[in-house]
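A.B. asks: Dropping a structure here in structure tokens format, bear with me for questions.
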Amino acid sequence: MIGVFDSGLGGLTVLSALAERFPEQSFVYLGDHAHVPYGDKPSEDIIDLTRAGVEALFRRGCKLVLLGCNTATAVAARRLQTTWLPGTPWATAGHNVVGIVAPTVEAATQTPWAVTTPQYPQKFLTDRIAVFGTTRTIASNVYAEEIRKRCPKVTVVQQVCAELAGAIERDVPEAGLERLVVAGIEGAMAQADGEPPHRAILGCTHFPLVEHLFRRHLPAATRILSQPEIVADSLEDYLSRHPHYLSGSHAAGADAARAAAPKLVLLTTGDIVEASARARVFAKTTLDFEHLDA
């Protein structure tokens, strides 16, 4: 199985894209609703909580875990990948953890993540890229840093949309959401002296639910980079090179038949009734969560 970890519910937009792209794959989603939001927590706390979530998914049988949360990825992914995981038995057993920042930066710069120095023609690119995100994601500066490594002449405008994710989760009427989207776009345009972005990164996994509002108020020429499809594309490429993470890849006989039936498990560290109710905003249908310790 493949795990998807998020501090809350936004990662459900990524999960939905992955389930559609890989209909024969089993997924386990874990939302750390007992500790949400992550944005007001110290970095060490976010790292500890993310590590605990990843380990919980490993114990549930997931050999690959995707951090479907921009804050968790921005703050914790590199530490987990380079410092924590290599020294654990999980690494010896072939487990791995990946994030959603890398594929987003790859899409924005048209440069592989492994390439960290400017290459032709990207090193001459002078586009404007706007990054819309939550306070903590923008404060991490990860998108600006990683984009500029690959495209040093690009102008990166970062715009905090502090209230938008919460408003989406509360199912605020569209008029209210549109006002917040417009305020974010106007803030980004003001930073760029009124010039529109060539590309816009929706750097929060809640924001795909209001992508149509960004589309309505950004120029038609602005390319919107929305993470669910970007992450699905990236994971498809990753799994083509690491097929052992696919469901049933090592099964045989009756085990293979059981493994062939895809499963979707939704876990929460919080209240299952509340998590299931709030998830309807993302799925427009009933999603039944189980408690992590159940």
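How things are named: the first chain in the structure tokens is A, the next is B, and so on; residues count from 1 in each chain; ligands count from 1 in the order shown.
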Extract, using only C-alpha atoms, all DNA, RNA and protein residues at most 10 Å from Asp45 (chain A), discarding same-chain residues fewer than 6 positions from it, and format them as a list of chain:residue names.

C.D. replies: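 Result of the neighbour search: A:Tyr38, A:Arg51, A:Val75, A:Ala76.
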
A.B. asks: Tell me which protein, DNA and RNA residues are within 12 Å of Glu55 (chain A), counting only C-alpha atoms, leaving out same-chain ones fewer than 2 positions away, and put them as a VMD selection string.

C.D. replies: chain A and resid 3 to 5 30 48 to 53 57 to 65 80 84 to 85 88 to 91 95 to 97 292

A.B. asks: When you count only C-alpha atoms, which of these residues is closest to Arg215 (chain A): A:Leu235, A:Leu267, A:Ile185, A:Ala192?

C.D. replies: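 Closest residue, counting only C-alpha atoms: A:Ile185.
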
A.B. asks: Out of A:Ala165, A:Ala108, A:Val210, A:Leu266, which residue has the shortest atom-to-atom distance to Leu287 (chain A) when counting only C-alpha atoms?

C.D. replies: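 Nearest to Leu287 (chain A): A:Leu266.
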
A.B. asks: Excluding same-chain residues fewer than 2 positions from Ala77 (chain A), what lies within 9 Å of it counting only C-alpha atoms, as a ChimeraX atom specification?

C.D. replies: /A:47,50,67,72-75,79-82,97-99

A.B. asks: Filtering to all heavy atoms, could you give me those residues as an mmCIF file, in the first residue's frame?

C.D. replies:
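Written output follows (again-v7.cif):
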```cif
data_model
loop_
_atom_site.group_PDB
_atom_site.id
_atom_site.type_symbol
_atom_site.label_atom_id
_atom_site.label_comp_id
_atom_site.auth_asym_id
_atom_site.auth_seq_id
_atom_site.Cartn_x
_atom_site.Cartn_y
_atom_site.Cartn_z
ATOM 1 N N ILE A 47 8.256 18.427 12.676
ATOM 2 C CA ILE A 47 9.096 17.284 12.273
ATOM 3 C C ILE A 47 8.722 16.047 13.078
ATOM 4 O O ILE A 47 8.560 14.951 12.519
ATOM 5 C CB ILE A 47 10.586 17.635 12.442
ATOM 6 C CG1 ILE A 47 10.989 18.711 11.430
ATOM 7 C CG2 ILE A 47 11.461 16.390 12.270
ATOM 8 C CD1 ILE A 47 12.336 19.338 11.692
ATOM 9 N N THR A 50 5.224 14.769 12.004
ATOM 10 C CA THR A 50 5.268 14.176 10.667
ATOM 11 C C THR A 50 5.958 12.823 10.710
ATOM 12 O O THR A 50 5.497 11.857 10.090
ATOM 13 C CB THR A 50 5.996 15.115 9.692
ATOM 14 O OG1 THR A 50 5.339 16.396 9.683
ATOM 15 C CG2 THR A 50 5.988 14.549 8.279
ATOM 16 N N LEU A 67 4.005 12.740 1.617
ATOM 17 C CA LEU A 67 3.549 13.833 2.474
ATOM 18 C C LEU A 67 2.657 14.732 1.625
ATOM 19 O O LEU A 67 3.140 15.525 0.824
ATOM 20 C CB LEU A 67 4.740 14.617 3.029
ATOM 21 C CG LEU A 67 5.778 13.812 3.814
ATOM 22 C CD1 LEU A 67 6.885 14.739 4.324
ATOM 23 C CD2 LEU A 67 5.141 13.054 4.963
ATOM 24 N N ALA A 72 4.106 20.238 6.076
ATOM 25 C CA ALA A 72 4.897 19.090 6.508
ATOM 26 C C ALA A 72 6.059 18.844 5.563
ATOM 27 O O ALA A 72 7.177 18.532 5.997
ATOM 28 C CB ALA A 72 4.014 17.850 6.601
ATOM 29 N N THR A 73 5.812 18.975 4.251
ATOM 30 C CA THR A 73 6.888 18.771 3.281
ATOM 31 C C THR A 73 7.953 19.843 3.428
ATOM 32 O O THR A 73 9.153 19.547 3.479
ATOM 33 C CB THR A 73 6.329 18.780 1.848
ATOM 34 O OG1 THR A 73 5.347 17.754 1.713
ATOM 35 C CG2 THR A 73 7.443 18.516 0.846
ATOM 36 N N ALA A 74 7.521 21.114 3.486
ATOM 37 C CA ALA A 74 8.474 22.222 3.537
ATOM 38 C C ALA A 74 9.343 22.168 4.783
ATOM 39 O O ALA A 74 10.546 22.456 4.736
ATOM 40 C CB ALA A 74 7.723 23.551 3.464
ATOM 41 N N VAL A 75 8.757 21.792 5.913
ATOM 42 C CA VAL A 75 9.481 21.839 7.187
ATOM 43 C C VAL A 75 10.189 20.523 7.490
ATOM 44 O O VAL A 75 11.310 20.514 8.003
ATOM 45 C CB VAL A 75 8.510 22.201 8.334
ATOM 46 C CG1 VAL A 75 9.233 22.153 9.683
ATOM 47 C CG2 VAL A 75 7.895 23.573 8.098
ATOM 48 N N ARG A 79 14.547 16.669 6.415
ATOM 49 C CA ARG A 79 15.103 16.087 7.642
ATOM 50 C C ARG A 79 14.786 14.593 7.716
ATOM 51 O O ARG A 79 15.645 13.787 8.060
ATOM 52 C CB ARG A 79 14.524 16.806 8.864
ATOM 53 C CG ARG A 79 14.988 16.214 10.198
ATOM 54 C CD ARG A 79 16.306 16.774 10.646
ATOM 55 N NE ARG A 79 16.159 18.125 11.101
ATOM 56 C CZ ARG A 79 15.808 18.476 12.347
ATOM 57 N NH1 ARG A 79 15.572 17.551 13.261
ATOM 58 N NH2 ARG A 79 15.699 19.743 12.672
ATOM 59 N N LEU A 80 13.550 14.235 7.399
ATOM 60 C CA LEU A 80 13.177 12.829 7.463
ATOM 61 C C LEU A 80 13.945 12.007 6.432
ATOM 62 O O LEU A 80 14.409 10.894 6.720
ATOM 63 C CB LEU A 80 11.670 12.657 7.226
ATOM 64 C CG LEU A 80 10.726 13.320 8.237
ATOM 65 C CD1 LEU A 80 9.290 12.878 7.975
ATOM 66 C CD2 LEU A 80 11.121 13.014 9.666
ATOM 67 N N GLN A 81 14.084 12.552 5.233
ATOM 68 C CA GLN A 81 14.731 11.809 4.152
ATOM 69 C C GLN A 81 16.228 11.642 4.362
ATOM 70 O O GLN A 81 16.798 10.597 4.019
ATOM 71 C CB GLN A 81 14.465 12.518 2.816
ATOM 72 C CG GLN A 81 13.021 12.453 2.353
ATOM 73 C CD GLN A 81 12.720 13.462 1.262
ATOM 74 O OE1 GLN A 81 13.422 14.478 1.114
ATOM 75 N NE2 GLN A 81 11.687 13.212 0.471
ATOM 76 N N THR A 82 16.886 12.662 4.898
ATOM 77 C CA THR A 82 18.350 12.640 4.948
ATOM 78 C C THR A 82 18.924 12.302 6.313
ATOM 79 O O THR A 82 20.043 11.790 6.401
ATOM 80 C CB THR A 82 18.917 14.001 4.506
ATOM 81 O OG1 THR A 82 18.474 15.019 5.413
ATOM 82 C CG2 THR A 82 18.460 14.352 3.091
ATOM 83 N N VAL A 97 9.989 7.902 1.981
ATOM 84 C CA VAL A 97 9.041 8.994 2.144
ATOM 85 C C VAL A 97 9.373 10.074 1.127
ATOM 86 O O VAL A 97 10.547 10.405 0.917
ATOM 87 C CB VAL A 97 9.074 9.548 3.591
ATOM 88 C CG1 VAL A 97 10.489 9.982 3.992
ATOM 89 C CG2 VAL A 97 8.101 10.706 3.752
ATOM 90 N N VAL A 98 8.339 10.596 0.466
ATOM 91 C CA VAL A 98 8.503 11.645 -0.538
ATOM 92 C C VAL A 98 7.523 12.770 -0.228
ATOM 93 O O VAL A 98 6.563 12.584 0.525
ATOM 94 C CB VAL A 98 8.280 11.109 -1.972
ATOM 95 C CG1 VAL A 98 9.343 10.082 -2.341
ATOM 96 C CG2 VAL A 98 6.881 10.506 -2.128
ATOM 97 N N GLY A 99 7.775 13.942 -0.818
ATOM 98 C CA GLY A 99 6.924 15.097 -0.568
ATOM 99 C C GLY A 99 6.298 15.637 -1.831
ATOM 100 O O GLY A 99 6.460 15.079 -2.919
#
```

A.B. asks: Residues of region 58-97 of chain A classed as strand (DSSP E) by DSSP on the backbone are to be reported as a list of chain:residue names.

C.D. replies: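 Everything in region 58-97 of chain A that counts as strand (DSSP E) is A:Leu64, A:Val65, A:Leu66, A:Leu67, A:Asn96, A:Val97.
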
A.B. asks: If I take CA of Ala17 (chain A) and CA of Arg278 (chain A), how far is one from the other in Å, to one decimal?

C.D. replies: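 According to the coordinates, CA of Ala17 (chain A) and CA of Arg278 (chain A) are separated by 18.9 Å.
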
A.B. asks: Any idea what the distance is between CA of Glu195 (chain A) and CA of Pro228 (chain A)?

C.D. replies: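 Value for the CA of Glu195 (chain A)-CA of Pro228 (chain A) distance: 27.0 Å.
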
A.B. asks: So how far away is CA of Gln227 (chain A) from CA of Cys161 (chain A), in Å?

C.D. replies: 16.3 Å

A.B. asks: Have a look at A:Gln158, A:Thr83, A:Gln25, A:Thr13 and name the one nearest to Glu236 (chain A); count only C-alpha atoms.

C.D. replies: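 The shortest atom-to-atom distance to Glu236 (chain A) comes from A:Gln25.
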
A.B. asks: Name all residues at most 9 Å from Leu202 (chain A) (count only C-alpha atoms; drop same-chain ones fewer than 6 positions away) and give them as a ChimeraX atom specification.

C.D. replies: /A:130-133,208,211,214,224-227

A.B. asks: Got a sec to tell me which of region 17-160 of chain A DSSP assigns to helix (DSSP H, G or I), as a short mmCIF file (atom, residue, chain, number, x, y, z; two decimals) with N, CA, C and O atoms, in the first residue's frame?

C.D. replies:
```cif
data_model
loop_
_atom_site.label_atom_id
_atom_site.label_comp_id
_atom_site.auth_asym_id
_atom_site.auth_seq_id
_atom_site.Cartn_x
_atom_site.Cartn_y
_atom_site.Cartn_z
N ALA A 17 -6.78 12.46 -6.71
CA ALA A 17 -6.09 12.38 -8.01
C ALA A 17 -5.30 11.09 -8.13
O ALA A 17 -5.25 10.48 -9.20
N LEU A 18 -4.68 10.67 -7.03
CA LEU A 18 -3.90 9.43 -7.06
C LEU A 18 -4.80 8.21 -7.25
O LEU A 18 -4.47 7.29 -8.01
N ALA A 19 -5.93 8.18 -6.54
CA ALA A 19 -6.85 7.04 -6.66
C ALA A 19 -7.41 6.95 -8.07
O ALA A 19 -7.62 5.84 -8.59
N GLU A 20 -7.64 8.09 -8.71
CA GLU A 20 -8.14 8.08 -10.09
C GLU A 20 -7.05 7.63 -11.05
O GLU A 20 -7.31 6.89 -11.99
N ARG A 21 -5.82 8.07 -10.83
CA ARG A 21 -4.71 7.72 -11.72
C ARG A 21 -4.31 6.25 -11.56
O ARG A 21 -3.90 5.61 -12.53
N SER A 43 9.10 24.32 14.35
CA SER A 43 9.56 23.38 13.32
C SER A 43 9.83 21.99 13.89
O SER A 43 9.49 20.98 13.27
N GLU A 44 10.46 21.93 15.08
CA GLU A 44 10.77 20.62 15.66
C GLU A 44 9.52 19.83 15.97
O GLU A 44 9.50 18.60 15.83
N ASP A 45 8.46 20.52 16.38
CA ASP A 45 7.20 19.82 16.64
C ASP A 45 6.61 19.28 15.35
O ASP A 45 6.09 18.15 15.31
N ILE A 46 6.68 20.06 14.27
CA ILE A 46 6.16 19.61 12.98
C ILE A 46 6.95 18.39 12.50
O ILE A 46 6.37 17.42 12.00
N ILE A 47 8.26 18.43 12.68
CA ILE A 47 9.10 17.28 12.27
C ILE A 47 8.72 16.05 13.08
O ILE A 47 8.56 14.95 12.52
N ASP A 48 8.55 16.20 14.39
CA ASP A 48 8.21 15.06 15.24
C ASP A 48 6.84 14.48 14.88
O ASP A 48 6.67 13.26 14.81
N LEU A 49 5.86 15.36 14.65
CA LEU A 49 4.52 14.89 14.31
C LEU A 49 4.50 14.21 12.94
O LEU A 49 3.83 13.18 12.75
N THR A 50 5.22 14.77 12.00
CA THR A 50 5.27 14.18 10.67
C THR A 50 5.96 12.82 10.71
O THR A 50 5.50 11.86 10.09
N ARG A 51 7.04 12.73 11.45
CA ARG A 51 7.74 11.45 11.60
C ARG A 51 6.82 10.40 12.22
O ARG A 51 6.78 9.25 11.78
N ALA A 52 6.07 10.80 13.25
CA ALA A 52 5.16 9.87 13.89
C ALA A 52 4.09 9.39 12.91
O ALA A 52 3.73 8.20 12.90
N GLY A 53 3.59 10.30 12.07
CA GLY A 53 2.60 9.92 11.08
C GLY A 53 3.16 8.96 10.05
O GLY A 53 2.51 7.99 9.66
N VAL A 54 4.37 9.23 9.60
CA VAL A 54 5.02 8.36 8.61
C VAL A 54 5.23 6.98 9.20
O VAL A 54 4.94 5.95 8.56
N GLU A 55 5.71 6.91 10.43
CA GLU A 55 5.93 5.61 11.06
C GLU A 55 4.63 4.85 11.24
O GLU A 55 4.58 3.62 11.07
N ALA A 56 3.56 5.55 11.58
CA ALA A 56 2.26 4.90 11.72
C ALA A 56 1.83 4.27 10.40
O ALA A 56 1.28 3.16 10.38
N LEU A 57 2.07 4.96 9.31
CA LEU A 57 1.71 4.42 7.99
C LEU A 57 2.64 3.26 7.61
O LEU A 57 2.19 2.28 7.01
N PHE A 58 3.91 3.36 7.95
CA PHE A 58 4.81 2.24 7.72
C PHE A 58 4.30 0.99 8.46
O PHE A 58 4.28 -0.11 7.91
N ARG A 59 3.89 1.19 9.70
CA ARG A 59 3.41 0.05 10.50
C ARG A 59 2.12 -0.53 9.93
O ARG A 59 1.83 -1.71 10.12
N ASN A 70 1.81 20.69 2.28
CA ASN A 70 2.92 21.58 1.96
C ASN A 70 3.72 21.96 3.18
O ASN A 70 4.95 22.03 3.13
N THR A 71 3.05 22.21 4.31
CA THR A 71 3.78 22.59 5.52
C THR A 71 4.66 21.45 6.00
O THR A 71 5.85 21.63 6.30
N ALA A 72 4.11 20.24 6.08
CA ALA A 72 4.90 19.09 6.51
C ALA A 72 6.06 18.84 5.56
O ALA A 72 7.18 18.53 6.00
N THR A 73 5.81 18.98 4.25
CA THR A 73 6.89 18.77 3.28
C THR A 73 7.95 19.84 3.43
O THR A 73 9.15 19.55 3.48
N ALA A 74 7.52 21.11 3.49
CA ALA A 74 8.47 22.22 3.54
C ALA A 74 9.34 22.17 4.78
O ALA A 74 10.55 22.46 4.74
N VAL A 75 8.76 21.79 5.91
CA VAL A 75 9.48 21.84 7.19
C VAL A 75 10.19 20.52 7.49
O VAL A 75 11.31 20.51 8.00
N ALA A 76 9.55 19.39 7.16
CA ALA A 76 10.03 18.10 7.68
C ALA A 76 10.63 17.16 6.65
O ALA A 76 11.43 16.29 7.01
N ALA A 77 10.26 17.27 5.38
CA ALA A 77 10.63 16.23 4.41
C ALA A 77 12.13 16.00 4.33
O ALA A 77 12.60 14.86 4.41
N ARG A 78 12.89 17.05 4.18
CA ARG A 78 14.33 16.89 4.00
C ARG A 78 14.98 16.25 5.22
O ARG A 78 15.84 15.38 5.10
N ARG A 79 14.55 16.67 6.41
CA ARG A 79 15.10 16.09 7.64
C ARG A 79 14.79 14.59 7.72
O ARG A 79 15.64 13.79 8.06
N LEU A 80 13.55 14.23 7.40
CA LEU A 80 13.18 12.83 7.46
C LEU A 80 13.95 12.01 6.43
O LEU A 80 14.41 10.89 6.72
N GLN A 81 14.08 12.55 5.23
CA GLN A 81 14.73 11.81 4.15
C GLN A 81 16.23 11.64 4.36
O GLN A 81 16.80 10.60 4.02
N THR A 82 16.89 12.66 4.90
CA THR A 82 18.35 12.64 4.95
C THR A 82 18.92 12.30 6.31
O THR A 82 20.04 11.79 6.40
N THR A 83 18.18 12.57 7.38
CA THR A 83 18.71 12.39 8.73
C THR A 83 18.05 11.25 9.48
O THR A 83 18.74 10.42 10.09
N TRP A 84 16.73 11.21 9.44
CA TRP A 84 16.02 10.21 10.24
C TRP A 84 15.95 8.84 9.55
O TRP A 84 16.46 7.86 10.09
N LEU A 85 15.36 8.79 8.36
CA LEU A 85 15.06 7.50 7.73
C LEU A 85 16.29 6.63 7.49
O LEU A 85 16.25 5.42 7.76
N PRO A 86 17.42 7.18 6.99
CA PRO A 86 18.57 6.30 6.69
C PRO A 86 19.08 5.50 7.88
O PRO A 86 19.69 4.44 7.69
N GLY A 87 18.86 5.96 9.09
CA GLY A 87 19.36 5.26 10.26
C GLY A 87 18.34 4.34 10.91
O GLY A 87 18.58 3.85 12.02
N PRO A 89 15.47 0.92 10.78
CA PRO A 89 15.20 -0.37 10.12
C PRO A 89 14.26 -0.23 8.94
O PRO A 89 14.25 -1.08 8.05
N TRP A 90 13.45 0.84 8.93
CA TRP A 90 12.54 1.05 7.80
C TRP A 90 13.31 1.17 6.50
O TRP A 90 12.89 0.64 5.46
N ALA A 91 14.41 1.91 6.53
CA ALA A 91 15.20 2.09 5.31
C ALA A 91 15.77 0.77 4.84
O ALA A 91 15.78 0.46 3.63
N THR A 92 16.24 -0.05 5.77
CA THR A 92 16.79 -1.36 5.41
C THR A 92 15.73 -2.22 4.74
O THR A 92 16.03 -3.02 3.83
N VAL A 101 6.55 19.13 -2.61
CA VAL A 101 7.24 20.33 -3.08
C VAL A 101 8.07 20.03 -4.32
O VAL A 101 8.04 20.77 -5.31
N ALA A 102 8.82 18.92 -4.29
CA ALA A 102 9.72 18.59 -5.40
C ALA A 102 8.99 18.52 -6.74
O ALA A 102 9.42 19.16 -7.71
N PRO A 103 7.90 17.75 -6.87
CA PRO A 103 7.24 17.71 -8.17
C PRO A 103 6.65 19.05 -8.59
O PRO A 103 6.59 19.36 -9.80
N THR A 104 6.25 19.86 -7.62
CA THR A 104 5.71 21.17 -7.95
C THR A 104 6.80 22.08 -8.50
O THR A 104 6.58 22.81 -9.48
N VAL A 105 7.96 22.05 -7.87
CA VAL A 105 9.09 22.84 -8.36
C VAL A 105 9.54 22.35 -9.74
O VAL A 105 9.86 23.14 -10.63
N GLU A 106 9.55 21.03 -9.92
CA GLU A 106 9.90 20.47 -11.24
C GLU A 106 8.95 20.99 -12.31
O GLU A 106 9.38 21.37 -13.41
N ALA A 107 7.67 21.02 -12.02
CA ALA A 107 6.69 21.50 -12.99
C ALA A 107 6.85 22.99 -13.26
O ALA A 107 6.70 23.45 -14.41
N ALA A 108 7.17 23.74 -12.22
CA ALA A 108 7.30 25.19 -12.37
C ALA A 108 8.56 25.58 -13.15
O ALA A 108 8.57 26.58 -13.87
N THR A 109 9.62 24.79 -12.98
CA THR A 109 10.91 25.15 -13.60
C THR A 109 11.25 24.31 -14.81
O THR A 109 12.23 24.60 -15.50
N GLN A 122 16.68 27.15 -18.99
CA GLN A 122 16.03 27.68 -17.79
C GLN A 122 16.86 28.76 -17.10
O GLN A 122 16.32 29.63 -16.46
N LYS A 123 18.19 28.68 -17.25
CA LYS A 123 18.99 29.67 -16.53
C LYS A 123 18.83 31.08 -17.10
O LYS A 123 19.24 32.05 -16.47
N PHE A 124 18.22 31.19 -18.27
CA PHE A 124 17.96 32.50 -18.87
C PHE A 124 16.50 32.91 -18.76
O PHE A 124 16.11 33.96 -19.26
N THR A 135 0.52 30.63 5.58
CA THR A 135 1.56 31.44 6.21
C THR A 135 2.85 30.65 6.41
O THR A 135 3.94 31.13 6.08
N ARG A 136 2.75 29.42 6.92
CA ARG A 136 3.96 28.67 7.24
C ARG A 136 4.69 28.20 5.99
O ARG A 136 5.92 28.19 5.94
N THR A 137 3.95 27.81 4.97
CA THR A 137 4.59 27.38 3.72
C THR A 137 5.36 28.53 3.09
O THR A 137 6.51 28.36 2.66
N ILE A 138 4.74 29.69 3.05
CA ILE A 138 5.43 30.85 2.47
C ILE A 138 6.62 31.26 3.34
O ILE A 138 7.70 31.58 2.82
N ALA A 139 6.45 31.21 4.66
CA ALA A 139 7.55 31.59 5.56
C ALA A 139 8.74 30.67 5.42
O ALA A 139 9.89 31.08 5.64
N SER A 140 8.51 29.42 5.05
CA SER A 140 9.62 28.48 4.88
C SER A 140 10.52 28.87 3.71
O SER A 140 11.69 28.47 3.65
N VAL A 142 10.65 27.77 0.87
CA VAL A 142 11.17 26.62 0.14
C VAL A 142 10.92 26.74 -1.36
O VAL A 142 11.80 26.40 -2.17
N TYR A 143 9.76 27.24 -1.75
CA TYR A 143 9.49 27.35 -3.19
C TYR A 143 10.41 28.36 -3.85
O TYR A 143 10.98 28.10 -4.92
N ALA A 144 10.56 29.53 -3.23
CA ALA A 144 11.44 30.54 -3.81
C ALA A 144 12.88 30.04 -3.92
O ALA A 144 13.54 30.22 -4.95
N GLU A 145 13.37 29.41 -2.87
CA GLU A 145 14.75 28.91 -2.87
C GLU A 145 14.97 27.86 -3.94
O GLU A 145 15.96 27.91 -4.70
N GLU A 146 14.06 26.90 -4.02
CA GLU A 146 14.25 25.79 -4.96
C GLU A 146 14.04 26.23 -6.40
O GLU A 146 14.72 25.75 -7.32
N ILE A 147 13.13 27.15 -6.63
CA ILE A 147 12.93 27.67 -7.99
C ILE A 147 14.16 28.46 -8.43
O ILE A 147 14.66 28.28 -9.56
N ARG A 148 14.70 29.28 -7.55
CA ARG A 148 15.84 30.13 -7.93
C ARG A 148 17.12 29.33 -8.12
O ARG A 148 18.02 29.77 -8.85
N LYS A 149 17.24 28.17 -7.47
CA LYS A 149 18.40 27.32 -7.73
C LYS A 149 18.46 26.93 -9.20
O LYS A 149 19.53 26.82 -9.79
N ARG A 150 17.29 26.71 -9.77
CA ARG A 150 17.21 26.19 -11.14
C ARG A 150 16.97 27.29 -12.16
O ARG A 150 17.37 27.15 -13.32
#
```

A.B. asks: Excluding same-chain residues fewer than 3 positions from Asp127 (chain A), what lies within 8 Å of it counting only C-alpha atoms, as a PyMOL selection string?

C.D. replies: chain A and resi 153-155+197-199

A.B. asks: Could you save those same residues with C-alpha atoms as a compact mmCIF listing (two decimals), in the first residue's frame?

C.D. replies:
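New file part37.txt:
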```txt
# COMPACT_ATOMS: atom_id res chain seq x y z
CA LYS A 153 16.50 35.01 -13.30
CA VAL A 154 12.89 34.13 -12.54
CA THR A 155 10.95 36.55 -10.34
CA PRO A 197 2.41 36.07 -13.22
CA HIS A 198 3.27 33.79 -16.10
CA ARG A 199 2.71 30.83 -13.78
```

A.B. asks: Could you check the closest approach to Cys69 (chain A) for each of A:Val28, A:Ile230, A:Cys204, A:Ala190 and tell me which residue wins, using only C-alpha atoms?

C.D. replies: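 Counting only C-alpha atoms, the residue closest to Cys69 (chain A) is A:Cys204.
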
A.B. asks: Determine the nearest neighbour of Pro262 (chain A) from the options A:Pro37, A:Cys151, A:Leu246, A:Phe289, counting only C-alpha atoms.

C.D. replies: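 Of A:Pro37, A:Cys151, A:Leu246, A:Phe289, the one nearest Pro262 (chain A) is A:Leu246, counting only C-alpha atoms.
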